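Here is structure_20.cif, consisting of mmCIF, C-alpha atoms:
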```
data_input
loop_
_atom_site.label_atom_id
_atom_site.label_comp_id
_atom_site.auth_asym_id
_atom_site.auth_seq_id
_atom_site.Cartn_x
_atom_site.Cartn_y
_atom_site.Cartn_z
CA MET W 70 0.00 0.00 0.00
CA SER W 71 1.52 3.31 -1.08
CA ARG W 72 1.51 6.40 1.09
CA LEU W 73 -1.14 7.82 -1.26
CA ASP W 74 -3.34 4.75 -0.61
CA SER W 75 -2.73 5.03 3.10
CA PHE W 76 -3.57 8.73 3.14
CA ILE W 77 -6.84 8.16 1.28
CA ARG W 78 -7.76 5.39 3.72
CA ARG W 79 -7.04 7.63 6.66
CA LEU W 80 -9.26 10.40 5.27
CA GLU W 81 -12.04 7.95 4.46
CA ALA W 82 -11.85 6.58 7.99
CA GLN W 83 -12.02 10.11 9.34
CA ARG W 84 -15.09 10.84 7.25
CA SER W 85 -16.81 7.62 8.34
CA VAL W 86 -16.16 8.44 11.98
CA LEU W 87 -17.44 11.99 11.60
CA ASN W 88 -20.59 10.81 9.79
CA TRP W 89 -21.21 8.24 12.51
CA ALA W 90 -20.61 10.82 15.24
CA ALA W 91 -22.87 13.36 13.51
CA ASP W 92 -25.65 10.77 13.28
CA PHE W 93 -25.21 10.02 16.99
CA VAL W 94 -25.52 13.65 18.02
CA ALA W 95 -28.17 14.73 15.52
CA ASP W 96 -31.11 14.15 17.90
CA LYS W 97 -29.30 15.18 21.10
CA ASP W 98 -28.97 18.57 22.69
CA GLY W 99 -25.61 19.95 23.64
CA LEU W 100 -22.67 21.75 22.16
CA ILE W 101 -20.36 20.36 19.52
CA LEU W 102 -16.68 21.04 20.02
CA GLU W 103 -13.94 20.74 17.43
CA LEU W 104 -10.51 20.74 19.09
CA GLY W 105 -8.07 21.77 16.38
CA LEU W 106 -9.05 23.51 13.14
CA GLY W 107 -6.06 22.98 10.85
CA ASN W 108 -7.07 23.28 7.23
CA GLY W 109 -10.72 23.25 8.28
CA ARG W 110 -11.79 20.19 6.28
CA THR W 111 -13.24 18.19 9.19
CA TYR W 112 -14.90 21.31 10.60
CA ASP W 113 -16.45 21.91 7.19
CA HIS W 114 -17.65 18.32 7.12
CA LEU W 115 -19.23 18.46 10.57
CA ARG W 116 -20.84 21.78 9.73
CA GLU W 117 -22.35 20.31 6.59
CA ARG W 118 -23.61 17.19 8.36
CA LEU W 119 -25.06 19.16 11.26
CA PRO W 120 -26.62 22.28 9.71
CA GLY W 121 -27.81 24.84 12.20
CA ARG W 122 -25.79 23.42 15.10
CA ALA W 123 -23.29 25.67 16.86
CA ILE W 124 -19.87 24.11 16.50
CA HIS W 125 -17.27 25.74 18.74
CA VAL W 126 -13.74 25.45 17.38
CA PHE W 127 -10.59 25.66 19.50
CA GLU W 128 -7.36 26.51 17.73
CA ARG W 129 -4.07 28.00 18.82
CA SER W 130 -3.39 29.74 15.55
CA PRO W 131 -6.23 29.60 13.01
CA SER W 132 -5.15 29.48 9.37
CA PRO W 133 -7.76 27.35 7.61
CA ASN W 134 -8.81 27.51 4.02
CA PRO W 135 -10.82 30.77 3.94
CA ARG W 136 -14.01 28.84 3.09
CA SER W 137 -13.71 27.00 6.42
CA MET W 138 -13.15 29.88 8.81
CA PRO W 139 -15.62 29.54 11.69
CA PRO W 140 -17.70 32.60 12.63
CA GLN W 141 -15.83 34.71 15.15
CA HIS W 142 -18.20 34.00 18.06
CA LEU W 143 -17.62 30.24 17.69
CA LEU W 144 -13.83 30.37 17.33
CA ILE W 145 -11.79 30.20 20.51
CA VAL W 146 -8.23 31.20 19.75
CA GLY W 147 -5.37 30.38 22.11
CA GLU W 148 -3.52 27.57 23.83
CA MET W 149 -6.08 24.86 24.62
CA GLU W 150 -4.43 24.23 27.95
CA GLN W 151 -5.89 27.64 28.91
CA THR W 152 -8.90 28.01 26.63
CA LEU W 153 -10.53 24.64 27.43
CA PRO W 154 -10.69 25.16 31.23
CA ALA W 155 -11.90 28.73 30.67
CA PHE W 156 -14.67 27.44 28.41
CA ALA W 157 -15.58 24.71 30.92
CA ALA W 158 -15.76 27.30 33.69
CA ARG W 159 -18.22 29.30 31.61
CA HIS W 160 -20.33 26.56 29.99
CA GLY W 161 -19.81 23.54 32.26
CA ALA W 162 -20.05 19.99 30.91
CA ALA W 163 -22.21 21.05 27.98
CA ALA W 164 -20.92 19.15 24.94
CA SER W 165 -22.63 16.13 23.43
CA LEU W 166 -19.91 15.61 20.81
CA ILE W 167 -16.21 16.44 21.02
CA HIS W 168 -13.88 15.81 18.11
CA VAL W 169 -10.26 15.78 19.28
CA ASP W 170 -8.27 16.68 16.19
CA VAL W 171 -5.14 18.06 17.82
CA THR W 172 -1.82 16.53 16.90
CA THR W 173 1.86 17.27 17.12
CA GLY W 174 2.11 15.82 13.61
CA VAL W 175 3.78 12.73 15.09
CA PRO W 176 0.94 10.44 16.28
CA THR W 177 3.08 8.44 18.72
CA ARG W 178 3.97 11.67 20.54
CA ASP W 179 0.46 13.05 20.90
CA ARG W 180 -0.52 11.01 23.93
CA VAL W 181 2.46 12.33 25.88
CA ALA W 182 2.46 15.88 24.49
CA PHE W 183 -1.25 16.26 25.27
CA ALA W 184 -1.28 14.30 28.53
CA TRP W 185 -3.25 17.15 30.13
CA LEU W 186 -5.99 17.02 27.49
CA PRO W 187 -8.23 14.04 28.39
CA GLU W 188 -9.14 15.52 31.76
CA GLN W 189 -10.09 18.81 30.11
CA VAL W 190 -12.18 16.99 27.54
CA ALA W 191 -13.93 15.06 30.32
CA ALA W 192 -14.77 18.34 32.06
CA LEU W 193 -16.48 19.61 28.89
CA ALA W 194 -18.50 16.47 28.06
CA ARG W 195 -22.06 15.87 29.19
CA PRO W 196 -22.83 12.45 30.62
CA GLY W 197 -23.38 10.16 27.63
CA ALA W 198 -21.43 12.45 25.28
CA LEU W 199 -19.45 10.95 22.44
CA ILE W 200 -15.77 11.80 22.10
CA VAL W 201 -13.83 10.86 18.96
CA SER W 202 -10.09 11.27 18.71
CA GLY W 203 -7.18 10.47 16.45
CA TRP W 204 -5.22 9.04 19.38
CA PRO W 205 -6.21 7.23 22.60
CA LEU W 206 -7.64 9.31 25.44
CA ASP W 207 -7.14 7.89 28.92
CA ASP W 208 -9.44 9.20 31.59
CA PRO W 209 -11.54 7.43 34.23
CA ALA W 210 -14.57 9.34 32.94
CA PHE W 211 -14.36 7.63 29.55
CA GLU W 212 -15.52 4.26 28.37
CA ALA W 213 -14.25 3.04 24.99
CA VAL W 214 -16.95 2.64 22.34
CA PRO W 215 -16.62 0.37 19.29
CA LEU W 216 -16.14 2.23 16.04
CA PRO W 217 -18.10 1.69 12.84
CA ILE W 218 -17.00 -1.51 11.17
CA ASP W 219 -15.24 0.11 8.21
CA ILE W 220 -12.67 1.92 10.35
CA PRO W 221 -9.23 0.31 10.39
CA GLU W 222 -8.09 -0.30 13.96
CA GLU W 223 -5.86 2.28 15.61
CA ARG W 224 -6.85 5.03 13.18
CA TYR W 225 -9.55 6.50 15.37
CA PHE W 226 -10.78 6.11 18.93
CA ALA W 227 -14.20 6.72 20.38
CA TYR W 228 -15.37 7.13 23.96
CA ARG W 229 -18.54 7.75 25.84
CA ARG W 230 -18.61 9.97 28.90
CA HIS W 231 -19.92 7.99 31.87
CA GLY W 232 -23.40 8.80 33.12
CA ALA W 233 -26.87 8.85 31.61
CA GLY W 234 -27.00 10.12 28.01
CA MET N 77 -20.22 18.08 -0.68
CA SER N 78 -17.91 19.13 2.14
CA ARG N 79 -14.30 20.11 1.62
CA LEU N 80 -13.34 16.77 3.18
CA ASP N 81 -15.46 14.94 0.58
CA SER N 82 -13.97 17.05 -2.17
CA PHE N 83 -10.42 16.42 -0.99
CA ILE N 84 -10.98 12.65 -0.87
CA ARG N 85 -12.42 12.75 -4.38
CA ARG N 86 -9.45 14.68 -5.66
CA LEU N 87 -6.99 12.18 -4.16
CA GLU N 88 -8.97 9.23 -5.52
CA ALA N 89 -8.96 10.84 -8.95
CA GLN N 90 -5.22 11.35 -8.68
CA ARG N 91 -4.72 7.72 -7.76
CA SER N 92 -6.90 6.50 -10.63
CA VAL N 93 -4.97 8.61 -13.09
CA LEU N 94 -1.61 7.40 -11.77
CA ASN N 95 -2.72 3.75 -11.89
CA TRP N 96 -3.95 4.21 -15.42
CA ALA N 97 -0.71 5.97 -16.44
CA ALA N 98 1.41 3.29 -14.76
CA ASP N 99 -0.48 0.56 -16.66
CA PHE N 100 0.10 2.48 -19.89
CA VAL N 101 3.85 2.74 -19.37
CA ALA N 102 4.45 -0.68 -17.79
CA ASP N 103 5.37 -2.39 -21.09
CA LYS N 104 7.12 0.60 -22.66
CA ASP N 105 10.73 1.68 -22.47
CA GLY N 106 11.67 5.18 -21.46
CA LEU N 107 12.18 7.30 -18.42
CA ILE N 108 9.50 8.28 -15.95
CA LEU N 109 9.56 11.86 -14.75
CA GLU N 110 7.80 13.28 -11.72
CA LEU N 111 7.71 17.08 -11.86
CA GLY N 112 7.20 18.23 -8.29
CA LEU N 113 7.78 16.05 -5.22
CA GLY N 114 5.88 17.80 -2.44
CA ASN N 115 5.03 15.40 0.35
CA GLY N 116 6.12 12.49 -1.89
CA ARG N 117 2.80 10.61 -1.87
CA THR N 118 2.33 10.44 -5.64
CA TYR N 119 6.01 9.62 -6.14
CA ASP N 120 5.61 6.81 -3.61
CA HIS N 121 2.55 5.57 -5.46
CA LEU N 122 4.26 5.54 -8.87
CA ARG N 123 7.30 3.83 -7.38
CA GLU N 124 5.10 1.12 -5.91
CA ARG N 125 3.15 0.60 -9.14
CA LEU N 126 6.29 0.55 -11.27
CA PRO N 127 8.87 -1.41 -9.26
CA GLY N 128 12.36 -1.38 -10.69
CA ARG N 129 11.72 1.60 -12.95
CA ALA N 130 13.92 4.67 -12.59
CA ILE N 131 11.69 7.61 -11.69
CA HIS N 132 13.48 10.95 -11.94
CA VAL N 133 12.03 13.58 -9.66
CA PHE N 134 12.36 17.33 -10.19
CA GLU N 135 11.85 19.57 -7.20
CA ARG N 136 12.96 23.07 -6.29
CA SER N 137 13.21 22.40 -2.60
CA PRO N 138 12.71 18.74 -1.57
CA SER N 139 11.07 18.23 1.82
CA PRO N 140 9.01 15.06 1.46
CA ASN N 141 8.06 12.63 4.15
CA PRO N 142 11.38 10.87 4.83
CA ARG N 143 9.94 7.57 3.57
CA SER N 144 9.41 9.13 0.16
CA MET N 145 12.79 10.74 -0.44
CA PRO N 146 14.03 9.65 -3.87
CA PRO N 147 17.56 8.25 -4.16
CA GLN N 148 20.03 11.05 -4.71
CA HIS N 149 20.92 10.08 -8.28
CA LEU N 150 17.25 10.34 -9.32
CA LEU N 151 16.49 13.64 -7.60
CA ILE N 152 17.10 16.81 -9.59
CA VAL N 153 17.03 19.76 -7.25
CA GLY N 154 16.59 23.31 -8.51
CA GLU N 155 14.30 25.61 -10.46
CA MET N 156 12.63 23.53 -13.16
CA GLU N 157 12.93 26.41 -15.60
CA GLN N 158 16.67 25.56 -15.51
CA THR N 159 16.78 21.88 -14.56
CA LEU N 160 14.34 20.64 -17.21
CA PRO N 161 16.23 22.07 -20.23
CA ALA N 162 19.51 20.85 -18.72
CA PHE N 163 18.05 17.36 -18.35
CA ALA N 164 16.68 17.47 -21.91
CA ALA N 165 20.09 18.52 -23.23
CA ARG N 166 21.61 15.50 -21.55
CA HIS N 167 18.95 12.82 -22.10
CA GLY N 168 16.94 14.11 -25.07
CA ALA N 169 13.27 13.24 -25.50
CA ALA N 170 13.58 10.10 -23.39
CA ALA N 171 10.48 9.96 -21.17
CA SER N 172 7.52 7.67 -21.80
CA LEU N 173 5.56 9.06 -18.84
CA ILE N 174 5.66 12.54 -17.32
CA HIS N 175 3.55 13.46 -14.31
CA VAL N 176 3.23 17.23 -13.98
CA ASP N 177 2.53 17.80 -10.31
CA VAL N 178 3.76 21.37 -9.96
CA THR N 179 1.37 23.95 -8.64
CA THR N 180 1.38 27.42 -7.18
CA GLY N 181 -1.27 26.16 -4.75
CA VAL N 182 -3.87 28.18 -6.68
CA PRO N 183 -4.95 26.03 -9.64
CA THR N 184 -6.28 28.91 -11.71
CA ARG N 185 -2.86 30.58 -11.58
CA ASP N 186 -0.78 27.55 -12.59
CA ARG N 187 -1.33 27.86 -16.31
CA VAL N 188 0.00 31.41 -16.31
CA ALA N 189 2.73 30.96 -13.68
CA PHE N 190 4.10 27.92 -15.52
CA ALA N 191 3.51 29.17 -19.06
CA TRP N 192 7.08 28.14 -19.92
CA LEU N 193 6.53 24.54 -18.77
CA PRO N 194 4.59 22.77 -21.57
CA GLU N 195 7.35 23.38 -24.12
CA GLN N 196 9.93 21.94 -21.71
CA VAL N 197 7.75 18.93 -21.09
CA ALA N 198 7.35 18.41 -24.83
CA ALA N 199 11.14 18.46 -25.21
CA LEU N 200 11.47 15.64 -22.66
CA ALA N 201 8.72 13.36 -24.01
CA ARG N 202 9.29 10.57 -26.50
CA PRO N 203 6.86 10.34 -29.39
CA GLY N 204 3.80 8.53 -28.04
CA ALA N 205 4.62 9.41 -24.43
CA LEU N 206 1.82 10.01 -21.95
CA ILE N 207 1.75 13.25 -19.98
CA VAL N 208 -0.65 13.69 -17.06
CA SER N 209 -1.11 17.00 -15.32
CA GLY N 210 -3.25 18.70 -12.70
CA TRP N 211 -3.85 21.62 -15.04
CA PRO N 212 -4.14 22.02 -18.83
CA LEU N 213 -0.91 21.95 -20.85
CA ASP N 214 -1.04 23.78 -24.18
CA ASP N 215 1.60 22.83 -26.70
CA PRO N 216 1.36 21.96 -30.40
CA ALA N 217 3.24 18.72 -29.63
CA PHE N 218 0.40 17.45 -27.43
CA GLU N 219 -2.85 15.81 -28.26
CA ALA N 220 -5.48 15.54 -25.50
CA VAL N 221 -6.26 11.97 -24.44
CA PRO N 222 -9.50 10.93 -22.72
CA LEU N 223 -9.10 10.09 -19.05
CA PRO N 224 -10.38 6.98 -17.30
CA ILE N 225 -14.13 7.19 -16.84
CA ASP N 226 -14.06 7.63 -13.05
CA ILE N 227 -12.14 10.91 -13.17
CA PRO N 228 -14.29 13.99 -12.64
CA GLU N 229 -13.76 16.50 -15.43
CA GLU N 230 -11.26 19.29 -14.93
CA ARG N 231 -9.45 17.46 -12.12
CA TYR N 232 -6.76 15.96 -14.32
CA PHE N 233 -5.58 16.30 -17.88
CA ALA N 234 -3.83 13.79 -20.10
CA TYR N 235 -1.91 14.22 -23.33
CA ARG N 236 -0.02 12.13 -25.80
CA ARG N 237 3.11 13.41 -27.45
CA HIS N 238 2.68 13.38 -31.25
CA GLY N 239 4.58 10.76 -33.19
CA ALA N 240 4.76 6.98 -33.18
CA GLY N 241 4.59 5.40 -29.70
#
```
Take the structure in the file and give it back as structure tokens.
Amino acid sequence: MSRLDSFIRRLEAQRSVLNWAADFVADKDGLILELGLGNGRTYDHLRERLPGRAIHVFERSPSPNPRSMPPQHLLIVGEMEQTLPAFAARHGAAASLIHVDVTTGVPTRDRVAFAWLPEQVAALARPGALIVSGWPLDDPAFEAVPLPIDIPEERYFAYRRHGAG
Amino acid sequence: MSRLDSFIRRLEAQRSVLNWAADFVADKDGLILELGLGNGRTYDHLRERLPGRAIHVFERSPSPNPRSMPPQHLLIVGEMEQTLPAFAARHGAAASLIHVDVTTGVPTRDRVAFAWLPEQVAALARPGALIVSGWPLDDPAFEAVPLPIDIPEERYFAYRRHGAG
């Protein structure tokens, strides 16, 4: 499998996970949080699958494709180590879907580099919320959830926040 | 269609075109030229589909994924406006497949920014050679060739160099 094949598979897996997550959250109240904007492709996808829903986007330094720039009132710019707790202090555990799309660019490093992140994500998630991530999130508040069948293992991870949904 | 959908389609189209081009050239002599390395994904794909074939890669400033760095003797570093004529002077019209993967990042600008390129490509192509490109190449030496049926229009362009193949 060439790196082009592998890249296409990774993007297809990402799309499948996002579609599945969007279906899960479609009939539930709660905020949707996108942690990491990057080029804006996954944000654009979530936005298209969940029209009318407020999707808050956290990004240290936003530079997406101009067509995928979130509206200013939904874009939280800054280091997530600060902006996530500040958001939690204001909104509480209000999210029904959180997509963790932050990466150092080196997947094996993410779990260490973002060791502080799972706890912050847990503080933002409503009981029963779905959390999807490109790398494993370890927190006592999370229970692993099986992914859709067409997702290659270890490409994506899904969790449910403990408590009634 | 979200930008994620569109991106996946574009990569799938690219892969289809490369597979089709690799099948075309598999039983033909001649060099294979990759104009533009970038991340190295399409180079990696061609290399995998055409094992044992020498693929020369032209790139102004190579910074691919380390797994896709071409061997030094097949990597021609520098401005293509200079390196392509120098290569043609040395090897003549020796290529049976040329993949034009250079872009300014703004597709509508490429045709103007690289107005000098089609003539250089023509000088490198054997009669009957296949040239595939992400944008239209205008040169009297080229004849447009229909693409495989699964390629959306205007995503890729294919040409045959005039003369016996």
Around the point (9.1, 15.7, 0.9), in the coordinates given by the file, pick out the residues reaching within 7 Å, counting all atoms listed in the file, and return them as JSON, numbers by chain.
{"N": [113, 114, 115, 116, 138, 139, 140, 141, 142, 144, 145]}
Surrounding residues of Val171 of chain W excluding itself and chain neighbours under 4 positions, 9 Å, all atoms listed in the file, as a list of chain:residue names:
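Residues near the query, excluding close chain neighbours: W:Leu104, W:Gly105, W:Leu106, W:Gly107, W:Glu128, W:Asp179, W:Phe183, W:Ser202, W:Gly203.
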Given the PyMOL selection byres ((chain N) within 10 of (chain W)) and the file above, list the residues it selects as number ranges by chain.
N: 77-88, 90-91, 115-125, 141, 143-144
For Ala184 of chain W, list every protein, DNA or RNA residue within 10 Å, evaluated using all atoms listed in the file, and leave out those in the same chain fewer than 6 positions away; present the list as a PyMOL selection string.
chain W and resi 178+206-207
Pro161 of chain N: which residues within 10 Å, counting all atoms listed in the file, same-chain residues fewer than 5 positions away excluded, as a list in words?
Met156, Arg166, His167, Gly168, Glu195, Gln196, Val197, Ala199 and Leu200 of chain N
Kindly resolve the PyMOL selection byres ((chain W and resi 219) around 8) on the present coordinates and return the residues as a list in words.
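On the file shown, the PyMOL selection byres ((chain W and resi 219) around 8) covers Ala82, Ser85, Pro217, Ile218, Ile220 and Pro221 of chain W.
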Report, in Å with one decimal, the straight-line distance from atom CA of Arg236 of chain N to atom CA of Val153 of chain N.
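Between these atoms lies a distance of 26.3 Å.
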Hits from the PyMOL selection byres ((chain W and resi 148) around 10), listed as an mmCIF file with C-alpha atoms, in the frame of the given file:
```
data_model
loop_
_atom_site.group_PDB
_atom_site.id
_atom_site.type_symbol
_atom_site.label_atom_id
_atom_site.label_comp_id
_atom_site.auth_asym_id
_atom_site.auth_seq_id
_atom_site.Cartn_x
_atom_site.Cartn_y
_atom_site.Cartn_z
ATOM 1 C CA PHE W 127 -10.590 25.660 19.500
ATOM 2 C CA GLU W 128 -7.360 26.510 17.730
ATOM 3 C CA ARG W 129 -4.070 28.000 18.820
ATOM 4 C CA SER W 130 -3.390 29.740 15.550
ATOM 5 C CA ILE W 145 -11.790 30.200 20.510
ATOM 6 C CA VAL W 146 -8.230 31.200 19.750
ATOM 7 C CA GLY W 147 -5.370 30.380 22.110
ATOM 8 C CA MET W 149 -6.080 24.860 24.620
ATOM 9 C CA GLU W 150 -4.430 24.230 27.950
ATOM 10 C CA GLN W 151 -5.890 27.640 28.910
ATOM 11 C CA THR W 152 -8.900 28.010 26.630
ATOM 12 C CA LEU W 153 -10.530 24.640 27.430
#
```
Could you list, with a cut-off of 7 Å and counting only C-alpha atoms, the residues of segment 107-221 of chain W near segment 97-103 of chain W, each shown with its nearest atom pair and the distance in Å rounded to one decimal, rows sorted by chain and ascending number, as a Markdown table?
```
| residue | atom | partner | partner_atom | distance |
| --- | --- | --- | --- | --- |
| W:Tyr112 | CA | W:Glu103 | CA | 6.9 |
| W:Ala123 | CA | W:Leu100 | CA | 6.6 |
| W:Ile124 | CA | W:Ile101 | CA | 4.8 |
| W:His125 | CA | W:Leu102 | CA | 4.9 |
| W:Val126 | CA | W:Glu103 | CA | 4.7 |
| W:Phe127 | CA | W:Glu103 | CA | 6.3 |
| W:Ala163 | CA | W:Gly99 | CA | 5.6 |
| W:Ala164 | CA | W:Leu100 | CA | 4.2 |
| W:Ser165 | CA | W:Gly99 | CA | 4.8 |
| W:Leu166 | CA | W:Ile101 | CA | 4.9 |
| W:Ile167 | CA | W:Leu102 | CA | 4.7 |
| W:His168 | CA | W:Glu103 | CA | 5.0 |
| W:Val169 | CA | W:Glu103 | CA | 6.4 |
```
Smallest atom-to-atom distance to Asp177 of chain N: which of N:Leu193, N:Leu126, N:Arg237, N:Val221, using all atoms listed in the file?
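Of N:Leu193, N:Leu126, N:Arg237, N:Val221, the one nearest Asp177 of chain N is N:Leu193, counting all atoms listed in the file.
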Å distance separating atom CA of Ala201 of chain N from atom CA of Ala217 of chain N, one decimal place:
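It comes out at 9.5 Å.
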Any idea what the distance is between atom CA of Gly232 of chain W and atom CA of Phe156 of chain W?
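Going from atom CA of Gly232 of chain W over to atom CA of Phe156 of chain W, I get 21.1 Å.
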